[in-house]
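Enquirer: Pasting my_file.txt here (compact mmCIF, C-alpha atoms and all ligand atoms):
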```txt
# COMPACT_ATOMS: atom_id res chain seq x y z
CA MET C 1242 57.27 -26.76 -42.89
CA LEU C 1243 54.93 -24.22 -44.40
CA ARG C 1244 52.32 -25.11 -47.01
CA VAL C 1245 51.39 -22.28 -49.38
CA GLY C 1246 48.64 -22.79 -51.95
CA LEU C 1247 49.14 -20.82 -55.18
CA SER C 1248 46.41 -20.34 -57.76
CA GLY C 1249 44.93 -17.93 -60.26
CA GLY C 1250 43.12 -18.10 -63.56
CA ILE C 1251 44.87 -19.28 -66.69
CA GLY C 1252 47.16 -16.54 -68.01
CA SER C 1253 47.19 -14.61 -64.72
CA GLY C 1254 50.91 -15.16 -64.20
CA LYS C 1255 50.84 -18.05 -61.76
CA SER C 1256 53.83 -19.80 -63.34
CA THR C 1257 55.77 -16.54 -63.34
CA VAL C 1258 55.12 -16.17 -59.59
CA ALA C 1259 55.87 -19.85 -58.88
CA GLY C 1260 59.21 -19.45 -60.66
CA ARG C 1261 60.15 -16.56 -58.40
CA PHE C 1262 59.22 -18.54 -55.27
CA ALA C 1263 61.48 -21.33 -56.52
CA GLU C 1264 64.36 -18.85 -56.93
CA HIS C 1265 63.93 -17.92 -53.27
CA GLY C 1266 64.24 -21.61 -52.32
CA ALA C 1267 60.62 -22.74 -52.14
CA VAL C 1268 59.85 -26.36 -52.95
CA VAL C 1269 57.38 -25.81 -55.79
CA ILE C 1270 54.99 -28.65 -56.52
CA ASP C 1271 53.30 -28.10 -59.88
CA ALA C 1272 49.96 -29.94 -59.98
CA ASP C 1273 49.72 -29.64 -63.79
CA ARG C 1274 53.13 -31.21 -64.20
CA LEU C 1275 52.25 -34.10 -61.90
CA ALA C 1276 49.03 -34.60 -63.88
CA ARG C 1277 51.16 -35.12 -66.99
CA GLU C 1278 53.78 -37.28 -65.23
CA VAL C 1279 51.29 -39.86 -63.93
CA VAL C 1280 50.27 -40.76 -67.50
CA GLU C 1281 53.68 -40.66 -69.15
CA PRO C 1282 54.68 -43.60 -71.38
CA GLY C 1283 55.62 -46.60 -69.28
CA THR C 1284 53.45 -45.67 -66.26
CA ASP C 1285 50.65 -47.73 -64.69
CA GLY C 1286 48.53 -44.63 -65.07
CA LEU C 1287 48.81 -44.64 -68.83
CA ARG C 1288 48.19 -48.42 -68.97
CA GLU C 1289 44.93 -47.98 -67.00
CA VAL C 1290 43.83 -45.07 -69.18
CA VAL C 1291 44.31 -47.23 -72.28
CA GLU C 1292 42.41 -50.11 -70.65
CA ALA C 1293 39.53 -47.79 -69.84
CA PHE C 1294 39.37 -45.70 -73.01
CA GLY C 1295 40.96 -47.81 -75.77
CA ALA C 1296 44.26 -47.73 -77.66
CA ASP C 1297 43.05 -44.85 -79.84
CA VAL C 1298 43.92 -42.42 -77.01
CA LEU C 1299 47.59 -43.09 -77.82
CA GLY C 1300 49.51 -41.20 -80.47
CA PRO C 1301 51.86 -42.88 -82.95
CA ASP C 1302 54.76 -42.36 -80.50
CA GLY C 1303 52.96 -44.29 -77.74
CA ALA C 1304 52.33 -41.17 -75.65
CA LEU C 1305 48.90 -40.01 -74.56
CA ASP C 1306 47.04 -38.10 -77.29
CA ARG C 1307 45.45 -35.49 -75.02
CA PRO C 1308 42.97 -34.05 -77.55
CA ALA C 1309 41.77 -37.60 -78.34
CA LEU C 1310 41.24 -38.35 -74.64
CA ALA C 1311 39.63 -34.96 -74.06
CA ALA C 1312 37.14 -35.68 -76.86
CA LYS C 1313 36.11 -38.92 -75.10
CA VAL C 1314 35.51 -37.38 -71.69
CA PHE C 1315 34.10 -34.03 -72.82
CA GLY C 1316 30.49 -33.73 -71.63
CA ASP C 1317 30.47 -37.31 -70.29
CA GLU C 1318 30.47 -37.24 -66.50
CA ARG C 1319 30.97 -40.97 -66.06
CA ALA C 1320 33.95 -41.04 -68.39
CA LEU C 1321 35.45 -38.03 -66.61
CA ALA C 1322 34.93 -39.73 -63.23
CA THR C 1323 36.69 -42.84 -64.57
CA LEU C 1324 39.63 -40.76 -65.76
CA ASN C 1325 39.85 -38.84 -62.49
CA GLY C 1326 39.65 -42.13 -60.60
CA ILE C 1327 42.85 -43.15 -62.39
CA THR C 1328 44.79 -39.89 -62.21
CA HIS C 1329 43.71 -38.18 -58.97
CA PRO C 1330 44.92 -40.82 -56.48
CA ARG C 1331 48.25 -40.96 -58.31
CA ILE C 1332 48.65 -37.19 -58.27
CA ALA C 1333 47.77 -37.10 -54.59
CA ALA C 1334 50.24 -39.90 -53.78
CA ARG C 1335 53.02 -38.19 -55.71
CA THR C 1336 52.25 -34.86 -54.02
CA GLY C 1337 52.46 -36.59 -50.64
CA GLU C 1338 55.81 -38.12 -51.55
CA LEU C 1339 57.25 -34.77 -52.60
CA ILE C 1340 56.05 -33.11 -49.39
CA ALA C 1341 57.45 -35.95 -47.28
CA ALA C 1342 60.81 -35.66 -49.05
CA ALA C 1343 61.08 -31.90 -48.45
CA PRO C 1344 63.33 -30.61 -45.65
CA GLU C 1345 61.75 -29.93 -42.29
CA ASP C 1346 62.12 -26.17 -42.78
CA ALA C 1347 60.78 -26.14 -46.35
CA ILE C 1348 58.35 -23.59 -47.66
CA ILE C 1349 56.22 -25.66 -50.02
CA VAL C 1350 54.43 -23.78 -52.76
CA HIS C 1351 51.69 -25.95 -54.24
CA ASP C 1352 50.76 -24.54 -57.63
CA VAL C 1353 47.20 -25.77 -58.22
CA PRO C 1354 45.10 -24.30 -61.05
CA LEU C 1355 41.88 -25.75 -59.59
CA LEU C 1356 42.54 -24.90 -55.92
CA VAL C 1357 39.37 -22.82 -55.68
CA GLU C 1358 37.18 -25.17 -57.71
CA LYS C 1359 38.21 -28.10 -55.51
CA ASP C 1360 37.79 -26.26 -52.18
CA MET C 1361 41.40 -26.92 -51.21
CA ALA C 1362 42.12 -23.57 -49.50
CA PRO C 1363 41.82 -24.79 -45.87
CA LEU C 1364 44.62 -27.32 -46.47
CA TYR C 1365 47.23 -24.54 -46.61
CA HIS C 1366 48.76 -22.18 -44.09
CA LEU C 1367 48.35 -19.41 -46.66
CA VAL C 1368 46.65 -19.05 -50.03
CA VAL C 1369 48.15 -16.74 -52.64
CA ILE C 1370 46.08 -15.80 -55.68
CA VAL C 1371 47.57 -14.16 -58.76
CA HIS C 1372 45.25 -11.82 -60.58
CA ALA C 1373 45.26 -10.02 -63.92
CA ASP C 1374 42.32 -8.49 -65.80
CA LEU C 1375 40.59 -10.57 -68.45
CA ASP C 1376 41.85 -8.51 -71.39
CA GLN C 1377 45.43 -8.75 -70.20
CA ARG C 1378 45.14 -12.49 -69.71
CA LEU C 1379 43.70 -12.95 -73.20
CA ALA C 1380 46.48 -10.83 -74.73
CA ARG C 1381 49.23 -12.68 -72.85
CA LEU C 1382 47.77 -16.08 -73.77
CA ARG C 1383 47.52 -14.97 -77.41
CA ASP C 1384 51.23 -14.08 -77.30
CA ARG C 1385 51.86 -17.56 -75.90
CA GLY C 1386 50.02 -19.06 -78.90
CA LEU C 1387 46.59 -19.79 -77.43
CA PRO C 1388 43.75 -18.58 -79.70
CA GLU C 1389 41.32 -16.19 -78.04
CA ASP C 1390 38.17 -18.33 -78.25
CA ASP C 1391 40.05 -21.29 -76.76
CA ALA C 1392 41.28 -19.06 -73.95
CA ARG C 1393 37.76 -17.67 -73.34
CA ARG C 1394 36.31 -21.17 -73.16
CA ARG C 1395 38.88 -22.24 -70.57
CA ILE C 1396 38.42 -19.10 -68.53
CA ALA C 1397 34.63 -19.58 -68.52
CA ALA C 1398 35.09 -23.10 -67.10
CA GLN C 1399 37.18 -21.81 -64.15
CA ALA C 1400 36.11 -20.13 -60.91
CA ASP C 1401 35.31 -16.42 -61.11
CA ASP C 1402 37.18 -13.62 -59.34
CA GLY C 1403 34.65 -13.46 -56.50
CA ARG C 1404 35.33 -17.05 -55.50
CA ARG C 1405 39.06 -16.50 -55.83
CA ARG C 1406 38.95 -13.39 -53.66
CA ALA C 1407 37.08 -15.26 -50.96
CA VAL C 1408 39.95 -17.71 -50.43
CA ALA C 1409 42.87 -15.31 -51.04
CA ASP C 1410 44.93 -14.50 -47.98
CA VAL C 1411 47.24 -12.68 -50.38
CA TRP C 1412 46.03 -11.16 -53.64
CA LEU C 1413 48.93 -10.53 -56.03
CA ASP C 1414 48.01 -8.03 -58.69
CA ASN C 1415 49.80 -8.82 -61.94
CA SER C 1416 48.17 -6.10 -64.03
CA GLY C 1417 51.43 -4.23 -64.42
CA THR C 1418 54.82 -5.21 -65.74
CA PRO C 1419 56.33 -8.52 -64.54
CA ASP C 1420 58.86 -6.77 -62.28
CA LEU C 1421 55.99 -5.24 -60.27
CA VAL C 1422 54.47 -8.62 -59.37
CA LEU C 1423 57.92 -10.11 -58.75
CA ALA C 1424 58.66 -7.32 -56.27
CA GLN C 1425 55.45 -8.24 -54.43
CA VAL C 1426 56.60 -11.87 -54.34
CA ASP C 1427 60.00 -10.84 -52.94
CA ALA C 1428 58.36 -8.79 -50.20
CA LEU C 1429 55.89 -11.55 -49.34
CA TRP C 1430 58.74 -14.03 -49.05
CA ALA C 1431 60.97 -11.82 -46.91
CA ASP C 1432 58.33 -10.17 -44.72
CA ARG C 1433 55.92 -13.00 -44.13
CA LEU C 1434 56.68 -16.50 -45.42
CA VAL C 1435 60.16 -16.97 -43.94
CA ARG C 1436 59.01 -15.98 -40.47
CA TYR C 1437 55.71 -17.83 -40.80
CA GLU C 1438 57.62 -21.04 -41.61
CA SER C 1439 59.98 -20.75 -38.64
CA ASN C 1440 57.08 -19.83 -36.36
CA VAL C 1441 55.16 -22.97 -37.36
CA ARG C 1442 58.24 -25.19 -36.97
CA LEU C 1443 59.36 -23.67 -33.66
CA ARG C 1444 55.79 -23.22 -32.38
CA ARG C 1445 56.14 -19.49 -31.90
CA TYR C 1446 53.06 -17.41 -32.14
CA ALA C 1447 52.95 -13.99 -33.79
CA SER C 1448 52.58 -11.15 -31.30
CA GLY C 1449 52.40 -7.38 -31.34
CA ALA C 1450 51.47 -4.32 -29.36
CA PRO C 1451 47.80 -3.83 -28.45
CA VAL C 1452 47.05 -1.17 -31.01
CA VAL C 1453 43.34 -0.55 -31.39
CA VAL C 1454 42.33 0.22 -34.97
CA PRO C 1455 38.99 1.19 -36.54
CA TYR C 1456 36.70 -1.66 -37.59
CA ASP C 1457 38.01 -3.39 -40.71
CA ALA C 1458 35.23 -4.54 -43.04
CA THR C 1459 37.45 -7.37 -44.31
CA TRP C 1460 37.61 -9.03 -40.88
CA PRO C 1461 34.61 -11.34 -41.45
CA ALA C 1462 36.06 -12.66 -44.72
CA GLN C 1463 39.49 -13.10 -43.14
CA ALA C 1464 37.87 -14.88 -40.21
CA ALA C 1465 35.98 -17.24 -42.52
CA ARG C 1466 39.29 -18.33 -44.08
CA VAL C 1467 41.04 -18.87 -40.75
CA ALA C 1468 38.00 -20.65 -39.28
CA ALA C 1469 37.95 -23.09 -42.22
CA ARG C 1470 41.58 -23.99 -41.48
CA ILE C 1471 40.96 -24.49 -37.78
CA ARG C 1472 37.84 -26.56 -38.47
CA LEU C 1473 39.75 -28.83 -40.84
CA ALA C 1474 42.64 -29.31 -38.41
CA ALA C 1475 40.17 -30.04 -35.60
CA GLY C 1476 38.24 -32.72 -37.46
CA GLY C 1477 35.19 -30.61 -38.28
CA ARG C 1478 34.38 -29.39 -34.75
CA ALA C 1479 32.48 -26.13 -34.17
CA VAL C 1480 34.49 -22.94 -34.70
CA GLU C 1481 33.03 -19.50 -33.85
CA HIS C 1482 34.47 -16.09 -34.63
CA ILE C 1483 34.20 -14.19 -31.34
CA GLY C 1484 35.75 -11.12 -29.73
CA SER C 1485 35.80 -7.53 -30.90
CA THR C 1486 36.65 -8.25 -34.54
CA SER C 1487 33.42 -10.24 -34.78
CA VAL C 1488 31.29 -7.18 -33.98
CA PRO C 1489 30.64 -5.06 -37.09
CA GLY C 1490 31.51 -1.42 -36.47
CA LEU C 1491 33.59 -2.00 -33.34
CA ALA C 1492 37.16 -0.69 -33.13
CA ALA C 1493 39.48 -3.50 -32.08
CA LYS C 1494 42.99 -4.81 -31.90
CA ASP C 1495 43.77 -6.43 -35.23
CA VAL C 1496 43.66 -9.91 -33.71
CA LEU C 1497 41.01 -12.40 -34.79
CA ASP C 1498 39.60 -14.43 -31.88
CA PHE C 1499 37.99 -17.82 -32.34
CA GLN C 1500 36.66 -20.45 -30.08
CA LEU C 1501 36.84 -24.12 -30.92
CA GLY C 1502 34.27 -26.37 -29.27
CA VAL C 1503 35.28 -29.62 -27.57
CA ARG C 1504 33.48 -31.98 -25.20
CA SER C 1505 36.23 -31.80 -22.57
CA LEU C 1506 39.65 -30.27 -22.06
CA ASP C 1507 41.11 -33.79 -22.35
CA GLU C 1508 39.69 -33.91 -25.82
CA ALA C 1509 41.20 -30.46 -26.42
CA ALA C 1510 44.63 -31.81 -25.44
CA GLU C 1511 44.33 -34.48 -28.13
CA LEU C 1512 43.99 -31.72 -30.73
CA GLU C 1513 47.17 -29.94 -29.65
CA GLU C 1514 49.47 -31.44 -32.26
CA ALA C 1515 47.11 -31.10 -35.21
CA LEU C 1516 46.42 -27.46 -34.34
CA ALA C 1517 50.16 -26.73 -33.97
CA GLN C 1518 50.87 -28.22 -37.39
CA ALA C 1519 48.09 -26.15 -38.89
CA GLY C 1520 49.80 -23.04 -37.49
CA PHE C 1521 48.06 -22.65 -34.10
CA PRO C 1522 50.43 -23.83 -31.35
CA LEU C 1523 49.38 -24.10 -27.71
CA LEU C 1524 50.18 -21.20 -25.39
CA GLY C 1525 48.94 -23.00 -22.31
CA VAL C 1526 45.98 -23.83 -20.16
CA ALA C 1527 44.36 -20.59 -19.11
CA GLU C 1528 41.57 -19.47 -16.84
CA ASP C 1529 38.84 -17.26 -18.18
CA THR C 1530 37.51 -14.79 -15.64
CA VAL C 1531 34.59 -16.46 -13.87
CA ARG C 1532 31.63 -14.31 -14.88
CA HIS C 1533 28.97 -15.90 -12.71
CA GLU C 1534 29.22 -16.24 -8.95
CA GLY C 1535 29.06 -19.79 -7.73
CA ASP C 1536 30.44 -21.32 -10.95
CA ALA C 1537 33.30 -23.76 -10.49
CA PRO C 1538 36.50 -22.09 -11.75
CA GLU C 1539 37.35 -25.29 -13.69
CA ASP C 1540 34.27 -24.70 -15.80
CA TRP C 1541 35.96 -21.50 -17.00
CA HIS C 1542 39.26 -23.16 -17.95
CA LYS C 1543 40.34 -23.32 -21.56
CA ARG C 1544 43.31 -24.24 -23.69
CA LEU C 1545 44.64 -21.18 -25.42
CA HIS C 1546 46.34 -21.49 -28.82
CA ALA C 1547 47.61 -18.64 -31.00
CA GLY C 1548 48.36 -18.10 -34.68
CA THR C 1549 51.85 -18.18 -36.20
CA ASP C 1550 51.22 -16.06 -39.31
CA PRO C 1551 53.13 -12.76 -38.88
CA GLY C 1552 50.58 -11.18 -41.23
CA ARG C 1553 47.46 -12.27 -39.37
CA ARG C 1554 47.32 -12.47 -35.59
CA VAL C 1555 44.91 -15.03 -34.18
CA ASN C 1556 43.87 -16.18 -30.70
CA LEU C 1557 42.20 -19.57 -30.51
CA HIS C 1558 40.31 -20.38 -27.32
CA VAL C 1559 39.56 -24.10 -27.07
CA ARG C 1560 36.55 -24.36 -24.77
CA VAL C 1561 33.91 -26.89 -23.82
CA GLU C 1562 31.13 -26.35 -26.32
CA GLY C 1563 28.00 -25.09 -24.58
CA GLY C 1564 29.92 -24.55 -21.30
CA PRO C 1565 29.72 -21.22 -19.44
CA ALA C 1566 32.83 -19.65 -21.01
CA TRP C 1567 31.76 -20.71 -24.50
CA THR C 1568 28.26 -19.38 -24.02
CA TRP C 1569 29.43 -16.11 -22.45
CA ALA C 1570 31.70 -15.33 -25.42
CA ILE C 1571 28.82 -15.80 -27.85
CA ARG C 1572 26.36 -13.82 -25.75
CA PHE C 1573 28.80 -10.93 -25.21
CA ARG C 1574 29.42 -10.79 -28.96
CA ASP C 1575 25.75 -10.92 -29.84
CA TRP C 1576 24.86 -8.26 -27.24
CA LEU C 1577 27.46 -5.91 -28.72
CA ARG C 1578 26.21 -6.66 -32.21
CA ALA C 1579 22.70 -5.73 -31.13
CA ASP C 1580 23.39 -2.68 -28.92
CA ALA C 1581 24.97 0.33 -30.64
CA ALA C 1582 25.36 2.37 -27.45
CA ALA C 1583 27.16 -0.44 -25.65
CA ARG C 1584 29.39 -0.85 -28.68
CA GLU C 1585 30.38 2.82 -28.63
CA GLU C 1586 31.03 2.77 -24.91
CA TYR C 1587 33.23 -0.29 -25.26
CA ALA C 1588 35.12 1.15 -28.25
CA ALA C 1589 35.86 4.39 -26.36
CA LEU C 1590 37.17 2.43 -23.37
CA LYS C 1591 39.36 0.25 -25.55
CA LEU C 1592 40.89 3.22 -27.34
CA GLU C 1593 41.65 4.94 -24.05
CA LEU C 1594 43.21 1.82 -22.51
CA ALA C 1595 45.22 0.99 -25.61
CA ARG C 1596 46.74 4.50 -25.45
CA ALA C 1597 47.51 4.05 -21.76
CA HIS C 1598 49.13 0.61 -22.27
CA ARG C 1599 51.00 1.24 -25.48
CA GLY C 1600 54.24 -0.36 -24.24
CA ASP C 1601 52.53 -3.54 -23.08
CA ALA C 1602 53.60 -6.14 -25.63
CA ASP C 1603 51.44 -9.08 -24.54
CA GLY C 1604 48.34 -7.05 -23.77
CA PHE C 1605 48.09 -8.38 -20.23
CA ALA C 1606 47.82 -5.04 -18.41
CA TYR C 1607 45.39 -3.84 -21.08
CA GLY C 1608 43.20 -6.88 -20.45
CA GLU C 1609 43.31 -6.32 -16.68
CA ALA C 1610 42.37 -2.67 -17.03
CA LYS C 1611 39.28 -3.63 -19.04
CA GLU C 1612 38.02 -5.89 -16.24
CA PRO C 1613 35.78 -3.50 -14.24
CA TRP C 1614 33.82 -2.57 -17.35
CA MET C 1615 33.62 -6.23 -18.41
CA ALA C 1616 32.31 -7.24 -14.97
CA ALA C 1617 29.57 -4.62 -15.20
CA ALA C 1618 28.83 -5.67 -18.77
CA THR C 1619 28.10 -9.21 -17.63
CA ALA C 1620 25.01 -8.05 -15.76
CA ARG C 1621 23.87 -6.16 -18.87
CA VAL C 1622 24.46 -9.20 -21.09
CA ASP C 1623 22.48 -11.37 -18.68
CA ALA C 1624 19.64 -8.84 -18.63
CA PHE C 1625 19.67 -8.71 -22.43
CA TYR C 1626 19.12 -12.46 -22.58
CA ARG C 1627 16.64 -12.53 -19.69
CA ASP C 1628 14.55 -9.87 -21.40
CA GLY C 1629 14.40 -11.77 -24.65
CA GLN C 1630 17.13 -9.87 -26.48
CA THR C 1631 15.05 -6.75 -26.92
CA SER C 1632 17.18 -4.08 -25.21
P1 LIG C 1701 49.64 -18.89 -65.80
O1 LIG C 1701 50.64 -19.83 -65.27
O2 LIG C 1701 48.81 -18.22 -64.75
O3 LIG C 1701 48.78 -19.41 -66.91
P2 LIG C 1701 51.96 -17.48 -66.86
O4 LIG C 1701 52.82 -17.15 -65.70
O5 LIG C 1701 52.36 -18.59 -67.75
O6 LIG C 1701 50.42 -17.64 -66.42
O7 LIG C 1701 51.78 -16.13 -67.70
C1 LIG C 1701 51.05 -16.13 -68.93
C2 LIG C 1701 51.89 -15.44 -69.99
O8 LIG C 1701 51.95 -14.05 -69.67
C3 LIG C 1701 53.31 -15.93 -70.05
O9 LIG C 1701 53.70 -15.93 -71.37
C4 LIG C 1701 54.09 -14.91 -69.22
O10 LIG C 1701 55.42 -14.79 -69.63
C5 LIG C 1701 53.30 -13.65 -69.48
N1 LIG C 1701 53.29 -12.70 -68.35
C6 LIG C 1701 53.20 -12.97 -67.02
N2 LIG C 1701 53.15 -11.85 -66.30
C7 LIG C 1701 53.19 -10.83 -67.18
C8 LIG C 1701 53.15 -9.40 -67.07
N3 LIG C 1701 53.06 -8.80 -65.87
N4 LIG C 1701 53.21 -8.67 -68.20
C9 LIG C 1701 53.28 -9.27 -69.39
N5 LIG C 1701 53.31 -10.58 -69.60
C10 LIG C 1701 53.28 -11.37 -68.50
```
Please lay out the structure from this file as structure tokens.
Expert:
Amino acid sequence: MLRVGLSGGIGSGKSTVAGRFAEHGAVVIDADRLAREVVEPGTDGLREVVEAFGADVLGPDGALDRPALAAKVFGDERALATLNGITHPRIAARTGELIAAAPEDAIIVHDVPLLVEKDMAPLYHLVVIVHADLDQRLARLRDRGLPEDDARRRIAAQADDGRRRAVADVWLDNSGTPDLVLAQVDALWADRLVRYESNVRLRRYASGAPVVVPYDATWPAQAARVAARIRLAAGGRAVEHIGSTSVPGLAAKDVLDFQLGVRSLDEAAELEEALAQAGFPLLGVAEDTVRHEGDAPEDWHKRLHAGTDPGRRVNLHVRVEGGPAWTWAIRFRDWLRADAAAREEYAALKLELARAHRGDADGFAYGEAKEPWMAAATARVDAFYRDGQTS
């Protein structure tokens, strides 16, 4: 099962996109619709709303008079909290039921207008944001019968584009004609979501050849999104972006590396299932190269997980927080961040080795070939820290 979060400002074309996902076979859960369903005539929800706010929130037909209710909660935080206390648990329960009832291989698309405002992004395997420029949204909403000042007021109350961009794994531009955005949805479905779903279900990680690419300035923002997912799945434990993609300016394979801190590898084993369900299945117990003579090799053991998203390769090293392997990864990263010459040397080596090991699908030979330089680098990293990080 794959969970996709879908959002975008009002009038961006979110419903249009959700409809296309449904045509492909997604199980679309529409948060707005559930919000209406839980207060339909005859529901407990509506009975509680009437108890809390009075019978004058009902229309002559016995259904909720939304403008009347809105007038009572507008600008009154306590009243709004009361209302949310009635509706939110019911929406959440209903959402849970729909997810539980979906087939094991479902791609769930959760259409949530307030996904960004409610910090829900880390709950999903992937977040898709639909975007259109303000003027286009206003014009489309006007065509749909929403007066411009109403539309402007609603837009002002929602998250801005910057916050939306920060959580978007996929940014669907709907500034053109509808068929242009629908073609993007078709491609996303076929090229990424279908395989992502089967990878999560079958616990297959996404792999690829070790192609070294120039530094990508979007890596930190991508890493922040993936780290938030890992952190949530791992109960709030420490997650660090490490490896070459964490060093600004460094050419690297397009694979984000993270380490997740645990107190012991037994504790790491207990996280295996939650990480797999979040899209990071276990590859196995692995041994990091012992970087300091005399260290017990067990102290350099880790549990290695990897990402399932075909559009975003991830390695997740689960290590004892503060242990030698954990500390070395952070120090190596911070040394490279601080030392431009070392960074250039390392980038040149990586490019040369990547060319030499082009046919090496799992990157093993590439990693081996890097070893002599890495061993020498350890002494330089140690010196950097011994000398107070001034080199
Ligand atoms: P949302 O669900 O984000 O509020 P909708 O999908 O309902 O947005 O789209 C808002 C309005 O704009 C609808 O009437 C829809 O048919 C129309 N629309 C969506 N995409 C386009 C587009 N690319 N060009 C023109 N109109 C569009």
Enquirer: Can you pull out every residue with an atom within 6 Å of ligand LIG 1701 (chain C)? Use all atoms listed in the file and format it as a ChimeraX atom specification.
Expert: /C:1249-1257,1381-1382,1385,1415-1419
Enquirer: Next, the residues of the selection above should be written as a CSV table (one decimal), in the coordinates of the input with C-alpha atoms.
Expert:
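Wrote again-v9.csv, looks like this:
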```csv
chain,number,residue,atom,x,y,z
C,1249,GLY,CA,44.9,-17.9,-60.3
C,1250,GLY,CA,43.1,-18.1,-63.6
C,1251,ILE,CA,44.9,-19.3,-66.7
C,1252,GLY,CA,47.2,-16.5,-68.0
C,1253,SER,CA,47.2,-14.6,-64.7
C,1254,GLY,CA,50.9,-15.2,-64.2
C,1255,LYS,CA,50.8,-18.0,-61.8
C,1256,SER,CA,53.8,-19.8,-63.3
C,1257,THR,CA,55.8,-16.5,-63.3
C,1381,ARG,CA,49.2,-12.7,-72.8
C,1382,LEU,CA,47.8,-16.1,-73.8
C,1385,ARG,CA,51.9,-17.6,-75.9
C,1415,ASN,CA,49.8,-8.8,-61.9
C,1416,SER,CA,48.2,-6.1,-64.0
C,1417,GLY,CA,51.4,-4.2,-64.4
C,1418,THR,CA,54.8,-5.2,-65.7
C,1419,PRO,CA,56.3,-8.5,-64.5
```
Enquirer: For CA of Arg1532 (chain C) and CA of Ala1583 (chain C), determine how far apart the two atoms are, in Å to one decimal place.
Expert: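 CA of Ala1583 (chain C) lies 18.1 Å from CA of Arg1532 (chain C).
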Enquirer: Find the residues around His1542 (chain C) up to 7 Å (all atoms listed in the file counted), leave out those fewer than 6 positions away in its own chain, and share them as a ChimeraX atom specification.
Expert: /C:1527-1529
Enquirer: Output C-alpha atoms of each residue in that selection to a file, as a CSV table (one decimal), keeping the file's coordinate frame.
Expert:
```
chain,number,residue,atom,x,y,z
C,1527,ALA,CA,44.4,-20.6,-19.1
C,1528,GLU,CA,41.6,-19.5,-16.8
C,1529,ASP,CA,38.8,-17.3,-18.2
```
Enquirer: Counting only C-alpha atoms, which of C:Arg1288, C:Leu1275, C:Thr1549, C:His1482 gets nearest to Gly1337 (chain C)?
Expert: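 The answer is C:Leu1275, which sits nearest to Gly1337 (chain C).
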Enquirer: For each of C:Val1426, C:Trp1614, C:Leu1364, C:Arg1277, take the minimum atom-to-atom distance to Trp1412 (chain C), counting all atoms listed in the file, then give the residue where this is smallest.
Expert: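 For Trp1412 (chain C), the nearest of the candidates is C:Val1426.
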Enquirer: Which polymer residues, protein or nucleic acid, are no farther than 8 Å from (40.1, -16.7, -66.7), counting all atoms listed in the file, as a ChimeraX atom specification?
Expert: /C:1250-1253,1375,1378,1392-1393,1395-1397,1399-1401
Enquirer: Return as a Markdown table the residues of region 1461-1516 of chain C lying at most 9 Å from region 1552-1562 of chain C, together with the closest atom-to-atom pair for each and the distance in Å to one decimal, counting all atoms listed in the file, with rows in chain order and ascending residue number.
Expert:
```
| residue | atom | partner | partner_atom | distance |
| --- | --- | --- | --- | --- |
| C:Gln1463 | CA | C:Arg1553 | CA | 8.9 |
| C:Val1467 | CA | C:Val1555 | CA | 8.5 |
| C:Ile1471 | CA | C:Leu1557 | CA | 8.9 |
| C:Ala1479 | CA | C:Glu1562 | CA | 8.0 |
| C:Asp1495 | CA | C:Arg1554 | CA | 7.0 |
| C:Val1496 | CA | C:Arg1554 | CA | 4.8 |
| C:Leu1497 | CA | C:Val1555 | CA | 4.7 |
| C:Asp1498 | CA | C:Asn1556 | CA | 4.8 |
| C:Phe1499 | CA | C:Leu1557 | CA | 4.9 |
| C:Gln1500 | CA | C:His1558 | CA | 4.6 |
| C:Leu1501 | CA | C:Val1559 | CA | 4.7 |
| C:Gly1502 | CA | C:Glu1562 | CA | 4.3 |
| C:Val1503 | CA | C:Val1561 | CA | 4.8 |
| C:Arg1504 | CA | C:Val1561 | CA | 5.3 |
| C:Ser1505 | CA | C:Val1561 | CA | 5.6 |
| C:Leu1506 | CA | C:Val1561 | CA | 6.9 |
| C:Ala1509 | CA | C:Val1559 | CA | 6.6 |
```
Enquirer: Find, counting only C-alpha atoms, the residue in C:Pro1354, C:Pro1301, C:Gly1246, C:Pro1451 that gets nearest to Ala1272 (chain C).
Expert: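 Looking only at the distances to Ala1272 (chain C), the closest residue turns out to be C:Pro1354.
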Enquirer: Which residues, written as an MDAnalysis selection string, have at least one atom at most 9 Å from Leu1512 (chain C), with only C-alpha atoms counted and residues fewer than 5 positions away on the same chain left out?
Expert: chainID C and resid 1474:1476 1517
Enquirer: Taking C-alpha atoms for each residue, export the selection above as a PDB file, in the frame of the given file.
Expert:
```
ATOM      1  CA  ALA C1474      42.640 -29.310 -38.410  1.00  0.00           C
ATOM      2  CA  ALA C1475      40.170 -30.040 -35.600  1.00  0.00           C
ATOM      3  CA  GLY C1476      38.240 -32.720 -37.460  1.00  0.00           C
ATOM      4  CA  ALA C1517      50.160 -26.730 -33.970  1.00  0.00           C
TER       5      ALA C1517
END
```
Enquirer: Work out how far apart CA of Trp1430 (chain C) and CA of His1372 (chain C) are and give it in Å to one decimal.
Expert: 17.9 Å
Enquirer: How would you write as a list in words the residues that get within 6 Å of (53.4, -24.3, -54.6) in the file's frame, counting all atoms listed in the file?
Expert: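 Neighbouring residues, ordered by chain and number, come to Val1245, Gly1246, Leu1247, Val1269, Ile1270, Ile1349, Val1350, His1351 and Asp1352 of chain C.
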Enquirer: In Å, with one decimal, what is the gap from CA of Ala1547 (chain C) to CA of Val1371 (chain C)?
Expert: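 Separation between CA of Ala1547 (chain C) and CA of Val1371 (chain C): 28.1 Å.
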Enquirer: Calculated over all atoms listed in the file, which of the candidates C:Pro1613, C:Gly1535, C:Gly1563, C:Gly1520 has the smallest distance to Gly1548 (chain C)?
Expert: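 Closest residue, counting all atoms listed in the file: C:Gly1520.
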